[in-house]
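A.B. asks: File final37.pdb below, PDB, C-alpha atoms:
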```
ATOM      1  CA  MET A   7       0.000   0.000   0.000
ATOM      2  CA  SER A   8       1.406   3.356  -1.014
ATOM      3  CA  LEU A   9       1.894   6.242   1.358
ATOM      4  CA  LYS A  10      -0.855   8.130  -0.470
ATOM      5  CA  ASP A  11      -3.292   5.239   0.013
ATOM      6  CA  ARG A  12      -2.371   5.067   3.656
ATOM      7  CA  ASP A  13      -3.049   8.767   4.094
ATOM      8  CA  GLU A  14      -6.334   8.592   2.250
ATOM      9  CA  ASN A  15      -7.448   5.599   4.308
ATOM     10  CA  ALA A  16      -6.549   7.395   7.509
ATOM     11  CA  GLY A  17      -8.419  10.468   6.312
ATOM     12  CA  LEU A  18     -11.526   8.467   5.538
ATOM     13  CA  GLU A  19     -11.435   6.754   8.910
ATOM     14  CA  ARG A  20     -11.040  10.105  10.652
ATOM     15  CA  ARG A  21     -13.961  11.641   8.794
ATOM     16  CA  ALA A  22     -16.204   8.632   9.373
ATOM     17  CA  LYS A  23     -15.352   8.635  13.073
ATOM     18  CA  ARG A  24     -16.055  12.348  13.321
ATOM     19  CA  ALA A  25     -19.437  11.899  11.636
ATOM     20  CA  PHE A  26     -20.290   9.014  13.953
ATOM     21  CA  ASP A  27     -19.222  10.866  17.104
ATOM     22  CA  ALA A  28     -21.231  13.906  16.043
ATOM     23  CA  SER A  29     -24.294  11.766  15.409
ATOM     24  CA  VAL A  30     -23.929  10.274  18.904
ATOM     25  CA  ALA A  31     -23.428  13.685  20.488
ATOM     26  CA  GLU A  32     -26.494  15.147  18.797
ATOM     27  CA  LEU A  33     -28.723  12.254  19.843
ATOM     28  CA  ASP A  34     -31.941  13.823  21.066
ATOM     29  CA  ALA A  35     -33.024  13.813  24.679
ATOM     30  CA  GLY A  36     -36.005  11.574  23.955
ATOM     31  CA  THR A  37     -33.857   8.794  22.547
ATOM     32  CA  ARG A  38     -31.357   9.160  25.387
ATOM     33  CA  ALA A  39     -34.175   8.869  27.907
ATOM     34  CA  ARG A  40     -35.487   5.736  26.213
ATOM     35  CA  LEU A  41     -32.017   4.194  26.196
ATOM     36  CA  ALA A  42     -31.618   4.982  29.896
ATOM     37  CA  ALA A  43     -34.991   3.381  30.599
ATOM     38  CA  ALA A  44     -33.940   0.334  28.577
ATOM     39  CA  ARG A  45     -30.737   0.084  30.607
ATOM     40  CA  ARG A  46     -32.591   0.301  33.907
ATOM     41  CA  ALA A  47     -35.067  -2.296  32.709
ATOM     42  CA  ALA A  48     -32.235  -4.638  31.720
ATOM     43  CA  ILE A  49     -30.590  -4.299  35.129
ATOM     44  CA  GLU A  50     -33.881  -4.606  36.966
ATOM     45  CA  ARG A  51     -34.980  -7.711  35.085
ATOM     46  CA  ALA A  52     -31.613  -9.356  35.468
ATOM     47  CA  SER A  53     -31.545  -8.603  39.191
ATOM     48  CA  LYS A  54     -34.691 -10.649  39.744
ATOM     49  CA  PRO A  55     -33.767 -14.202  40.727
ATOM     50  CA  GLY A  56     -36.675 -15.727  38.812
ATOM     51  CA  TYR A  57     -35.783 -13.981  35.566
ATOM     52  CA  LEU A  58     -36.549 -16.009  32.464
ATOM     53  CA  PRO A  59     -34.802 -14.336  29.534
ATOM     54  CA  TRP A  60     -36.697 -16.252  26.894
ATOM     55  CA  LEU A  61     -39.956 -14.755  28.128
ATOM     56  CA  PHE A  62     -38.787 -11.205  27.589
ATOM     57  CA  THR A  63     -38.025  -9.312  24.450
ATOM     58  CA  GLY A  64     -37.416  -5.638  23.994
ATOM     59  CA  ARG A  65     -41.108  -5.155  23.316
ATOM     60  CA  GLY A  66     -42.962  -7.429  25.586
ATOM     61  CA  LEU A  67     -43.427 -10.540  27.545
ATOM     62  CA  ILE A  68     -43.677 -13.181  24.846
ATOM     63  CA  PRO A  69     -41.401 -13.382  21.816
ATOM     64  CA  LEU A  70     -43.508 -11.996  19.019
ATOM     65  CA  GLY A  71     -41.621 -14.006  16.436
ATOM     66  CA  GLY A  72     -42.660 -17.235  18.105
ATOM     67  CA  LEU A  73     -46.225 -16.047  18.402
ATOM     68  CA  ALA A  74     -46.314 -15.045  14.748
ATOM     69  CA  ALA A  75     -44.846 -18.377  13.772
ATOM     70  CA  ALA A  76     -47.509 -20.221  15.744
ATOM     71  CA  LEU A  77     -50.252 -18.149  14.094
ATOM     72  CA  VAL A  78     -48.851 -18.789  10.641
ATOM     73  CA  ALA A  79     -48.576 -22.491  11.324
ATOM     74  CA  ALA A  80     -52.178 -22.551  12.539
ATOM     75  CA  LEU A  81     -53.335 -20.705   9.428
ATOM     76  CA  ILE A  82     -51.493 -23.043   7.108
ATOM     77  CA  VAL A  83     -53.038 -26.060   8.786
ATOM     78  CA  THR A  84     -56.568 -24.649   8.957
ATOM     79  CA  GLN A  85     -56.682 -23.114   5.483
ATOM     80  CA  GLY A  86     -56.824 -26.553   3.901
ATOM     81  CA  PRO A  87     -55.374 -27.972   0.704
ATOM     82  CA  ALA A  88     -55.669 -24.753  -1.282
ATOM     83  CA  VAL A  89     -53.095 -23.096   0.892
ATOM     84  CA  ARG A  90     -50.964 -26.122   1.507
ATOM     85  CA  GLU A  91     -50.557 -26.765  -2.189
ATOM     86  CA  ARG A  92     -48.885 -23.464  -2.797
ATOM     87  CA  SER A  93     -45.320 -23.697  -3.932
ATOM     88  CA  THR A  94     -44.082 -21.522  -1.081
ATOM     89  CA  GLU A  95     -45.348 -23.878   1.576
ATOM     90  CA  THR A  96     -41.996 -25.502   2.129
ATOM     91  CA  ALA A  97     -40.206 -22.177   2.322
ATOM     92  CA  VAL A  98     -42.690 -20.781   4.840
ATOM     93  CA  LEU A  99     -42.466 -23.832   7.049
ATOM     94  CA  GLY A 100     -38.705 -23.647   6.850
ATOM     95  CA  ASP A 101     -38.889 -20.007   7.870
ATOM     96  CA  LEU A 102     -40.833 -20.929  10.967
ATOM     97  CA  GLU A 103     -37.788 -22.681  12.305
ATOM     98  CA  ILE A 104     -35.803 -19.474  11.943
ATOM     99  CA  LEU A 105     -38.478 -17.443  13.682
ATOM    100  CA  VAL A 106     -38.584 -19.656  16.743
ATOM    101  CA  ALA A 107     -35.048 -21.021  16.807
ATOM    102  CA  GLU A 108     -33.430 -18.605  19.225
ATOM    103  CA  GLU A 109     -36.229 -18.508  21.764
ATOM    104  CA  GLU A 110     -36.325 -22.264  21.808
ATOM    105  CA  PHE A 111     -32.614 -22.430  22.457
ATOM    106  CA  ASP A 112     -32.778 -19.994  25.345
ATOM    107  CA  MET A 113     -35.908 -21.594  26.680
ATOM    108  CA  LEU A 114     -34.392 -25.061  26.711
ATOM    109  CA  GLU A 115     -31.265 -23.723  28.351
ATOM    110  CA  ASP A 116     -33.287 -22.239  31.184
ATOM    111  CA  LEU A 117     -35.802 -25.035  31.440
ATOM    112  CA  GLU A 118     -32.908 -27.374  32.078
ATOM    113  CA  PHE A 119     -31.729 -25.137  34.893
ATOM    114  CA  TYR A 120     -35.152 -24.660  36.479
ATOM    115  CA  SER A 121     -35.867 -28.336  36.158
ATOM    116  CA  TRP A 122     -32.643 -29.051  38.005
ATOM    117  CA  LEU A 123     -33.510 -26.404  40.593
ATOM    118  CA  ASP A 124     -36.917 -27.971  41.223
ATOM    119  CA  GLU A 125     -35.305 -31.313  41.865
ATOM    120  CA  GLN A 126     -33.155 -29.928  44.668
ATOM    121  CA  PRO A 127     -34.773 -30.774  48.028
ATOM    122  CA  GLU A 128     -33.380 -27.729  49.768
ATOM    123  CA  MET A 129     -30.784 -25.226  48.696
ATOM    124  CA  GLU A 130     -27.606 -25.462  50.717
ATOM    125  CA  SER A 131     -25.470 -22.460  51.365
ATOM    126  CA  PRO A 132     -25.148 -21.000  47.872
ATOM    127  CA  ASN A 133     -21.465 -20.325  48.345
ATOM    128  CA  ALA A 134     -20.794 -24.032  48.518
ATOM    129  CA  LEU A 135     -21.715 -24.462  44.878
ATOM    130  CA  ASP A 136     -19.337 -24.038  42.016
ATOM    131  CA  ASP A 137     -19.762 -21.033  39.805
ATOM    132  CA  THR A 138     -20.540 -22.936  36.669
ATOM    133  CA  ILE A 139     -23.903 -21.563  35.602
ATOM    134  CA  GLY A 140     -24.712 -18.192  34.228
TER
ATOM    135  CA  MET B  24     -41.530   1.993  33.457
ATOM    136  CA  ARG B  25     -40.337   2.311  37.042
ATOM    137  CA  PRO B  26     -36.663   3.216  37.124
ATOM    138  CA  MET B  27     -34.365   1.130  39.253
ATOM    139  CA  GLU B  28     -31.884   3.110  41.276
ATOM    140  CA  LEU B  29     -28.623   1.500  42.219
ATOM    141  CA  THR B  30     -28.518   2.054  45.962
ATOM    142  CA  LEU B  31     -26.661   0.416  48.797
ATOM    143  CA  GLY B  32     -29.304  -2.264  48.769
ATOM    144  CA  THR B  33     -28.820  -3.107  45.122
ATOM    145  CA  VAL B  34     -27.405  -6.529  44.481
ATOM    146  CA  PHE B  35     -27.079  -8.820  41.532
ATOM    147  CA  PRO B  36     -28.219 -12.235  42.664
ATOM    148  CA  ASP B  37     -27.091 -14.929  40.279
ATOM    149  CA  ARG B  38     -29.131 -17.965  39.335
ATOM    150  CA  LEU B  39     -28.192 -19.738  42.511
ATOM    151  CA  GLY B  40     -29.123 -16.833  44.734
ATOM    152  CA  ARG B  41     -25.619 -15.567  45.433
ATOM    153  CA  GLU B  42     -25.166 -11.848  45.402
ATOM    154  CA  LYS B  43     -22.545  -9.606  43.904
ATOM    155  CA  PRO B  44     -21.498  -6.451  45.743
ATOM    156  CA  LEU B  45     -22.761  -2.983  44.939
ATOM    157  CA  GLU B  46     -19.415  -2.008  43.455
ATOM    158  CA  HIS B  47     -19.848  -4.571  40.696
ATOM    159  CA  ALA B  48     -23.443  -3.452  40.104
ATOM    160  CA  THR B  49     -22.528   0.192  39.721
ATOM    161  CA  GLU B  50     -19.617  -0.720  37.474
ATOM    162  CA  PHE B  51     -21.980  -2.692  35.284
ATOM    163  CA  ASP B  52     -24.435   0.212  35.172
ATOM    164  CA  ARG B  53     -21.576   2.553  34.288
ATOM    165  CA  PHE B  54     -20.509   0.266  31.468
ATOM    166  CA  LEU B  55     -24.001   0.181  29.977
ATOM    167  CA  ARG B  56     -24.287   3.974  30.271
ATOM    168  CA  GLU B  57     -21.027   4.279  28.397
ATOM    169  CA  VAL B  58     -21.989   2.063  25.482
ATOM    170  CA  GLU B  59     -25.735   2.576  25.104
ATOM    171  CA  THR B  60     -25.784   5.628  22.824
ATOM    172  CA  ARG B  61     -22.950   4.378  20.642
ATOM    173  CA  ALA B  62     -24.497   0.922  20.439
ATOM    174  CA  PHE B  63     -27.783   2.494  19.406
ATOM    175  CA  ARG B  64     -26.116   4.457  16.626
ATOM    176  CA  ILE B  65     -24.243   1.370  15.446
ATOM    177  CA  ALA B  66     -27.447  -0.683  15.394
ATOM    178  CA  LEU B  67     -29.225   2.137  13.574
ATOM    179  CA  VAL B  68     -26.731   2.049  10.693
ATOM    180  CA  THR B  69     -28.198  -1.136   9.257
ATOM    181  CA  ILE B  70     -31.587  -1.349  11.005
ATOM    182  CA  ARG B  71     -32.618   2.194   9.992
ATOM    183  CA  ASP B  72     -35.560   2.284  12.363
ATOM    184  CA  ARG B  73     -35.149   4.011  15.710
ATOM    185  CA  ASP B  74     -37.719   1.959  17.597
ATOM    186  CA  GLU B  75     -36.387  -1.307  16.256
ATOM    187  CA  ALA B  76     -32.784  -0.272  16.976
ATOM    188  CA  LEU B  77     -33.771   0.650  20.537
ATOM    189  CA  ASP B  78     -35.369  -2.750  20.998
ATOM    190  CA  VAL B  79     -32.297  -4.517  19.696
ATOM    191  CA  VAL B  80     -29.988  -2.549  22.017
ATOM    192  CA  GLN B  81     -32.255  -3.192  24.998
ATOM    193  CA  ASP B  82     -32.385  -6.871  24.153
ATOM    194  CA  ALA B  83     -28.579  -6.984  23.997
ATOM    195  CA  MET B  84     -28.344  -5.208  27.375
ATOM    196  CA  ILE B  85     -30.800  -7.646  28.932
ATOM    197  CA  ARG B  86     -28.878 -10.592  27.564
ATOM    198  CA  LEU B  87     -25.557  -9.240  28.792
ATOM    199  CA  ALA B  88     -27.005  -8.386  32.204
ATOM    200  CA  ASN B  89     -28.633 -11.761  32.601
ATOM    201  CA  ALA B  90     -25.897 -13.998  31.318
ATOM    202  CA  TYR B  91     -22.589 -12.195  31.700
ATOM    203  CA  ARG B  92     -22.787  -9.412  34.281
ATOM    204  CA  ARG B  93     -20.797 -11.499  36.721
ATOM    205  CA  ARG B  94     -17.934 -11.982  34.303
ATOM    206  CA  PRO B  95     -14.852  -9.779  34.689
ATOM    207  CA  SER B  96     -15.656  -6.264  33.537
ATOM    208  CA  GLU B  97     -12.966  -6.291  30.827
ATOM    209  CA  GLU B  98     -14.980  -9.014  29.077
ATOM    210  CA  TRP B  99     -18.212  -6.988  28.929
ATOM    211  CA  ARG B 100     -17.351  -4.889  25.903
ATOM    212  CA  PRO B 101     -16.516  -7.713  23.440
ATOM    213  CA  LEU B 102     -19.381  -9.781  24.836
ATOM    214  CA  PHE B 103     -21.839  -6.924  24.509
ATOM    215  CA  TYR B 104     -20.881  -6.148  20.930
ATOM    216  CA  ARG B 105     -20.951  -9.815  20.038
ATOM    217  CA  ILE B 106     -24.483 -10.060  21.403
ATOM    218  CA  LEU B 107     -25.447  -6.830  19.669
ATOM    219  CA  GLN B 108     -24.109  -7.972  16.304
ATOM    220  CA  ASN B 109     -25.930 -11.279  16.692
ATOM    221  CA  ARG B 110     -29.136  -9.468  17.577
ATOM    222  CA  VAL B 111     -28.783  -7.138  14.597
ATOM    223  CA  ARG B 112     -28.159 -10.095  12.304
ATOM    224  CA  ASP B 113     -31.140 -11.927  13.776
ATOM    225  CA  TRP B 114     -33.274  -8.832  13.282
ATOM    226  CA  HIS B 115     -32.409  -8.701   9.582
ATOM    227  CA  ARG B 116     -32.986 -12.404   9.187
ATOM    228  CA  ARG B 117     -36.341 -12.279  10.945
ATOM    229  CA  ARG B 118     -37.435  -9.240   9.014
ATOM    230  CA  ALA B 119     -36.693 -11.047   5.760
ATOM    231  CA  VAL B 120     -38.556 -14.108   6.984
ATOM    232  CA  ARG B 121     -41.544 -12.070   8.189
ATOM    233  CA  ALA B 122     -41.708 -10.321   4.844
ATOM    234  CA  ARG B 123     -41.874 -13.682   3.116
ATOM    235  CA  VAL B 124     -44.415 -15.068   5.567
ATOM    236  CA  LEU B 125     -46.586 -11.961   5.372
ATOM    237  CA  GLY B 126     -46.273 -11.987   1.603
ATOM    238  CA  PHE B 127     -47.825 -15.408   1.761
ATOM    239  CA  PHE B 128     -51.069 -13.881   3.033
ATOM    240  CA  VAL B 129     -50.969 -10.130   2.475
ATOM    241  CA  ARG B 130     -50.631  -8.289  -0.790
ATOM    242  CA  ALA B 131     -47.642  -5.991  -0.855
ATOM    243  CA  ASP B 132     -49.724  -2.922  -1.693
ATOM    244  CA  GLU B 133     -51.725  -3.309   1.496
ATOM    245  CA  THR B 134     -48.736  -2.356   3.609
ATOM    246  CA  SER B 135     -47.782   1.257   4.081
ATOM    247  CA  GLU B 136     -45.333   3.206   6.154
ATOM    248  CA  ASP B 137     -46.429   5.711   8.737
ATOM    249  CA  PRO B 138     -45.406   9.161   7.443
ATOM    250  CA  LEU B 139     -44.894  10.297  11.031
ATOM    251  CA  ASP B 140     -41.911   7.935  11.209
ATOM    252  CA  ALA B 141     -40.013  10.363   8.979
ATOM    253  CA  VAL B 142     -40.452  13.283  11.347
ATOM    254  CA  PRO B 143     -37.154  13.874  13.148
ATOM    255  CA  ALA B 144     -37.070  13.718  16.916
ATOM    256  CA  PRO B 145     -36.474  16.957  18.810
ATOM    257  CA  SER B 146     -32.821  17.860  19.326
ATOM    258  CA  HIS B 147     -30.795  20.539  21.071
ATOM    259  CA  GLU B 148     -28.830  21.182  17.887
ATOM    260  CA  SER B 149     -29.981  23.880  15.498
ATOM    261  CA  PRO B 150     -31.984  22.484  12.591
ATOM    262  CA  LEU B 151     -29.175  23.252  10.140
ATOM    263  CA  GLU B 152     -26.507  21.599  12.276
ATOM    264  CA  ARG B 153     -28.695  18.618  12.819
ATOM    265  CA  VAL B 154     -29.387  18.225   9.120
ATOM    266  CA  ALA B 155     -25.674  18.478   8.295
ATOM    267  CA  ILE B 156     -24.754  15.849  10.889
ATOM    268  CA  GLU B 157     -27.545  13.550   9.794
ATOM    269  CA  GLU B 158     -26.661  13.928   6.128
ATOM    270  CA  THR B 159     -23.010  13.162   6.696
ATOM    271  CA  MET B 160     -23.725  10.208   8.925
ATOM    272  CA  GLU B 161     -26.345   8.922   6.528
ATOM    273  CA  ALA B 162     -23.823   9.027   3.673
ATOM    274  CA  VAL B 163     -21.402   6.980   5.760
ATOM    275  CA  ALA B 164     -24.179   4.628   6.877
ATOM    276  CA  ALA B 165     -25.449   4.175   3.324
ATOM    277  CA  ALA B 166     -21.946   3.230   2.205
ATOM    278  CA  LEU B 167     -21.596   0.842   5.152
ATOM    279  CA  ARG B 168     -24.852  -0.861   4.222
ATOM    280  CA  ARG B 169     -23.378  -1.720   0.841
ATOM    281  CA  LEU B 170     -20.497  -3.630   2.418
ATOM    282  CA  PRO B 171     -20.591  -7.325   3.241
ATOM    283  CA  ALA B 172     -21.854  -7.767   6.810
ATOM    284  CA  ARG B 173     -18.519  -8.829   8.290
ATOM    285  CA  GLN B 174     -16.683  -5.909   6.732
ATOM    286  CA  CYS B 175     -19.347  -3.543   8.028
ATOM    287  CA  GLU B 176     -19.082  -5.029  11.536
ATOM    288  CA  ALA B 177     -15.286  -4.865  11.532
ATOM    289  CA  PHE B 178     -15.294  -1.249  10.415
ATOM    290  CA  MET B 179     -17.896  -0.116  12.967
ATOM    291  CA  LEU B 180     -16.246  -1.894  15.877
ATOM    292  CA  ARG B 181     -12.735  -0.736  14.986
ATOM    293  CA  ASN B 182     -13.596   2.767  13.817
ATOM    294  CA  PHE B 183     -16.771   3.855  15.581
ATOM    295  CA  GLU B 184     -16.344   2.016  18.852
ATOM    296  CA  GLY B 185     -12.553   2.220  18.801
ATOM    297  CA  LEU B 186     -11.961  -1.412  19.739
ATOM    298  CA  ASP B 187      -8.476  -2.772  19.179
ATOM    299  CA  VAL B 188      -7.922  -5.707  16.836
ATOM    300  CA  ALA B 189      -7.870  -8.319  19.611
ATOM    301  CA  THR B 190     -11.103  -7.081  21.226
ATOM    302  CA  THR B 191     -12.792  -6.793  17.839
ATOM    303  CA  ALA B 192     -11.771 -10.370  17.083
ATOM    304  CA  ARG B 193     -13.365 -11.529  20.349
ATOM    305  CA  ALA B 194     -16.502  -9.510  19.598
ATOM    306  CA  MET B 195     -16.773 -10.909  16.079
ATOM    307  CA  GLY B 196     -15.787 -14.436  17.013
ATOM    308  CA  CYS B 197     -13.001 -14.644  14.459
ATOM    309  CA  SER B 198      -9.224 -14.390  14.262
ATOM    310  CA  GLU B 199      -7.301 -11.143  14.479
ATOM    311  CA  GLY B 200      -6.098 -11.759  10.934
ATOM    312  CA  SER B 201      -9.695 -11.927   9.726
ATOM    313  CA  VAL B 202     -10.484  -8.658  11.479
ATOM    314  CA  LYS B 203      -7.561  -6.958   9.741
ATOM    315  CA  THR B 204      -8.640  -8.340   6.366
ATOM    316  CA  HIS B 205     -12.308  -7.348   6.825
ATOM    317  CA  HIS B 206     -11.340  -3.912   8.062
ATOM    318  CA  SER B 207      -8.862  -3.096   5.312
ATOM    319  CA  ARG B 208     -11.303  -4.269   2.633
ATOM    320  CA  ALA B 209     -14.022  -2.186   4.241
ATOM    321  CA  VAL B 210     -11.862   0.932   4.209
ATOM    322  CA  ALA B 211     -10.886   0.394   0.576
ATOM    323  CA  ARG B 212     -14.507  -0.079  -0.479
ATOM    324  CA  LEU B 213     -15.698   2.893   1.573
ATOM    325  CA  ARG B 214     -13.131   5.053  -0.143
ATOM    326  CA  GLU B 215     -14.652   4.103  -3.470
ATOM    327  CA  LEU B 216     -18.217   4.603  -2.272
ATOM    328  CA  LEU B 217     -17.596   7.859  -0.447
ATOM    329  CA  GLY B 218     -15.100   9.236  -2.911
ATOM    330  CA  GLU B 219     -17.477  11.863  -4.194
ATOM    331  CA  HIS B 220     -18.992  12.683  -0.823
ATOM    332  CA  GLN B 221     -17.178  15.125   1.404
ATOM    333  CA  THR B 222     -17.470  13.562   4.827
TER
END
```
Output the file's structure in the form of structure tokens.
C.D. replies:
Amino acid sequence: MSLKDRDENAGLERRAKRAFDASVAELDAGTRARLAAARRAAIERASKPGYLPWLFTGRGLIPLGGLAAALVAALIVTQGPAVRERSTETAVLGDLEILVAEEEFDMLEDLEFYSWLDEQPEMESPNALDDTIG
Amino acid sequence: MRPMELTLGTVFPDRLGREKPLEHATEFDRFLREVETRAFRIALVTIRDRDEALDVVQDAMIRLANAYRRRPSEEWRPLFYRILQNRVRDWHRRRAVRARVLGFFVRADETSEDPLDAVPAPSHESPLERVAIEETMEAVAAALRRLPARQCEAFMLRNFEGLDVATTARAMGCSEGSVKTHHSRAVARLRELLGEHQT
């Protein structure tokens, strides 16, 4: 890389960084307030011992993607052959896996933990346990 | 939403009920304060919707707080940006899937965008300053959106967030060599794309 290229690259990076920093600095008070509320909500939710991350999304209690997927699946099944025969059926069903994949993963992860927790007759001193979860 | 103040009584119980001291809690809060606006702007580059970007950032904060707040604080930054990048990628993937699924039932011309979404939020900058900043940033963001995802990520983490190569590699889940390659290709392509735009 020539010296000129190096200089031009550095100049571009400087200008892009300046534009980004300015856009952060000019962020309006409303957005800042919403971000602060989001931060407090994250800390508050995580500080609750019974927190189930797969139940919460940024917008609500139940993952909307999973809900939408369930609705679509129900529609496909109940709409009968006319719908099922469409050429996109396979693609849509395949998409459903994508919509629900992450929630399922998190859910299973936590279900395993809560299942284990339920099996414990009585919690000993917490400090006696290894720090292997979380 | 009721705000949670970090007071002397604030603790971070883990899944087994153990508690972390206040010092760790305030440090974690400080970290999130430090990254939240920048993370929002980074998410906004490709998501292009303020509400959606806010949701994605909040989701990343919740995930970090729930799963990794008890990790050493020097690990938070790469972990947070890794989660954020994953959430942004998931958002794009889900949006594409939803569009296909909705297209299965709804005609495209039945959907419309709310014109109020285009109204800028209030700002303390003068309207002219704000427009200039937005225009410049939008030119950079538009160029970034034309890059391959990994190049875009490498550039934003290295340039916008100022992460070093090693931390960027941890955030992206790849080798330091890959980060250098993605970043240098991103810079070269951005030079082409932004050549005519005075940033």
A.B. asks: Could you write out as a short mmCIF file (atom, residue, chain, number, x, y, z; two decimals) with C-alpha atoms, keeping the file's coordinate frame the residues that the PyMOL selection byres ((chain A and resi 30) around 9) matches in the shown file?
C.D. replies:
```
data_model
loop_
_atom_site.label_atom_id
_atom_site.label_comp_id
_atom_site.auth_asym_id
_atom_site.auth_seq_id
_atom_site.Cartn_x
_atom_site.Cartn_y
_atom_site.Cartn_z
CA ALA A 25 -19.44 11.90 11.64
CA PHE A 26 -20.29 9.01 13.95
CA ASP A 27 -19.22 10.87 17.10
CA ALA A 28 -21.23 13.91 16.04
CA SER A 29 -24.29 11.77 15.41
CA ALA A 31 -23.43 13.68 20.49
CA GLU A 32 -26.49 15.15 18.80
CA LEU A 33 -28.72 12.25 19.84
CA THR B 60 -25.78 5.63 22.82
CA ARG B 61 -22.95 4.38 20.64
CA PHE B 63 -27.78 2.49 19.41
CA ARG B 64 -26.12 4.46 16.63
#
```
A.B. asks: Counting all atoms listed in the file, figure out which residue out of B:Ala119, B:Leu55, B:Ala90, B:Leu167 gets nearest to Leu67 of chain B.
C.D. replies: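 Looking at the shortest contact to Leu67 of chain B, the residue is B:Leu167.
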A.B. asks: Using the chain letters and residue numbers of this document, give as JSON, numbers by chain the residues selected by the PyMOL selection byres ((chain A and resi 48) around 10).
C.D. replies: {"A": [42, 43, 44, 45, 46, 47, 49, 50, 51, 52, 53, 64], "B": [27, 52, 55, 81, 82, 83, 84, 85, 86, 87, 88, 89]}
A.B. asks: Restricting the calculation to all atoms listed in the file, which member of A:Lys23, A:Asp34, A:Arg40, A:Glu14 is positioned closest to Leu180 of chain B?
C.D. replies: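 Result for the nearest residue to Leu180 of chain B: A:Lys23.
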A.B. asks: How far is it from atom CA of Ala164 of chain B to atom CA of Lys203 of chain B, in Å with one decimal?
C.D. replies: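 Calculated distance between atom CA of Ala164 of chain B and atom CA of Lys203 of chain B is 20.5 Å.
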A.B. asks: If you apply the PyMOL selection byres ((chain B and resi 107) around 9) to this file, what residues do you get, as a ChimeraX atom specification?
C.D. replies: /B:62,66,79-80,82-84,102-106,108-112
A.B. asks: Do you have the atom CA of Ala122 of chain B-atom CA of Asp78 of chain B distance handy?
C.D. replies: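 Here the two named atoms are 18.9 Å from each other.
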A.B. asks: Rounded to one decimal, what separation in Å do you get between atom CA of Glu152 of chain B and atom CA of Leu216 of chain B?
C.D. replies: 23.9 Å
A.B. asks: Measuring between only C-alpha atoms, which one of B:Ala166, B:Arg56, B:Trp99, B:Cys175 shows the shortest distance to chain A?
C.D. replies: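 Using only C-alpha atoms, chain A sits closest to B:Arg56.
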A.B. asks: Would you mind telling me which residue in A:Arg21, A:Met7, A:Ala16, A:Ala39 lies nearest to chain B when using only C-alpha atoms?
C.D. replies: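 Among A:Arg21, A:Met7, A:Ala16, A:Ala39, it is A:Arg21 that comes nearest to chain B.
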A.B. asks: For a quick check of understanding, using all atoms listed in the file, which of B:Ser198, B:Ser149, B:Thr190, B:Ser96 has the smallest distance to chain A?
C.D. replies: B:Ser149
A.B. asks: I'd like the neighbourhood of Arg212 of chain B as a list in words, where a residue qualifies if any of its atoms comes within 10 Å (using all atoms listed in the file), though same-chain residues fewer than 4 positions away should be ignored.
C.D. replies: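 Contacts, with the query itself left out: Ala166, Leu167, Arg169, Leu170, Gln174, His206, Ser207, Arg208, Leu216, Leu217 and Gly218 of chain B.
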A.B. asks: List the spatial neighbours of Asn15 of chain A as a ChimeraX atom specification - criterion: any atom at most 9 Å away, all atoms listed in the file, same-chain residues fewer than 3 positions off excluded.
C.D. replies: /A:10-12,18-20 /B:207,210-211,214
A.B. asks: Please write the residues from the selection above to a file, keeping C-alpha atoms, as a PDB file, in the frame of the given file.
C.D. replies:
```pdb
ATOM      1  CA  LYS A  10      -0.855   8.130  -0.470  1.00  0.00           C
ATOM      2  CA  ASP A  11      -3.292   5.239   0.013  1.00  0.00           C
ATOM      3  CA  ARG A  12      -2.371   5.067   3.656  1.00  0.00           C
ATOM      4  CA  LEU A  18     -11.526   8.467   5.538  1.00  0.00           C
ATOM      5  CA  GLU A  19     -11.435   6.754   8.910  1.00  0.00           C
ATOM      6  CA  ARG A  20     -11.040  10.105  10.652  1.00  0.00           C
TER       7      ARG A  20
ATOM      8  CA  SER B 207      -8.862  -3.096   5.312  1.00  0.00           C
ATOM      9  CA  VAL B 210     -11.862   0.932   4.209  1.00  0.00           C
ATOM     10  CA  ALA B 211     -10.886   0.394   0.576  1.00  0.00           C
ATOM     11  CA  ARG B 214     -13.131   5.053  -0.143  1.00  0.00           C
TER      12      ARG B 214
END
```
A.B. asks: Go through B:Val124, B:Arg71, B:Pro101, B:Arg168 one by one, measure the shortest atom-to-atom distance of each to chain A using only C-alpha atoms, and give the residue with the smallest value.
C.D. replies: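 Checking each of B:Val124, B:Arg71, B:Pro101, B:Arg168 against chain A, counting only C-alpha atoms, the winner is B:Val124.
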A.B. asks: Could you give me segment 176-181 of chain B completed to N, CA and C atoms, formatted as an mmCIF file, in the frame of the given file?
C.D. replies:
```cif
data_model
loop_
_atom_site.group_PDB
_atom_site.id
_atom_site.type_symbol
_atom_site.label_atom_id
_atom_site.label_comp_id
_atom_site.auth_asym_id
_atom_site.auth_seq_id
_atom_site.Cartn_x
_atom_site.Cartn_y
_atom_site.Cartn_z
ATOM 1 N N GLU B 176 -19.264 -4.830 10.093
ATOM 2 C CA GLU B 176 -19.082 -5.029 11.536
ATOM 3 C C GLU B 176 -17.663 -4.648 11.955
ATOM 4 N N ALA B 177 -16.687 -5.140 11.182
ATOM 5 C CA ALA B 177 -15.286 -4.865 11.532
ATOM 6 C C ALA B 177 -15.017 -3.360 11.515
ATOM 7 N N PHE B 178 -15.537 -2.689 10.506
ATOM 8 C CA PHE B 178 -15.294 -1.249 10.415
ATOM 9 C C PHE B 178 -15.950 -0.517 11.589
ATOM 10 N N MET B 179 -17.190 -0.841 11.901
ATOM 11 C CA MET B 179 -17.896 -0.116 12.967
ATOM 12 C C MET B 179 -17.252 -0.365 14.331
ATOM 13 N N LEU B 180 -16.849 -1.605 14.573
ATOM 14 C CA LEU B 180 -16.246 -1.894 15.877
ATOM 15 C C LEU B 180 -14.870 -1.248 16.007
ATOM 16 N N ARG B 181 -14.087 -1.312 14.935
ATOM 17 C CA ARG B 181 -12.735 -0.736 14.986
ATOM 18 C C ARG B 181 -12.799 0.795 14.962
#
```
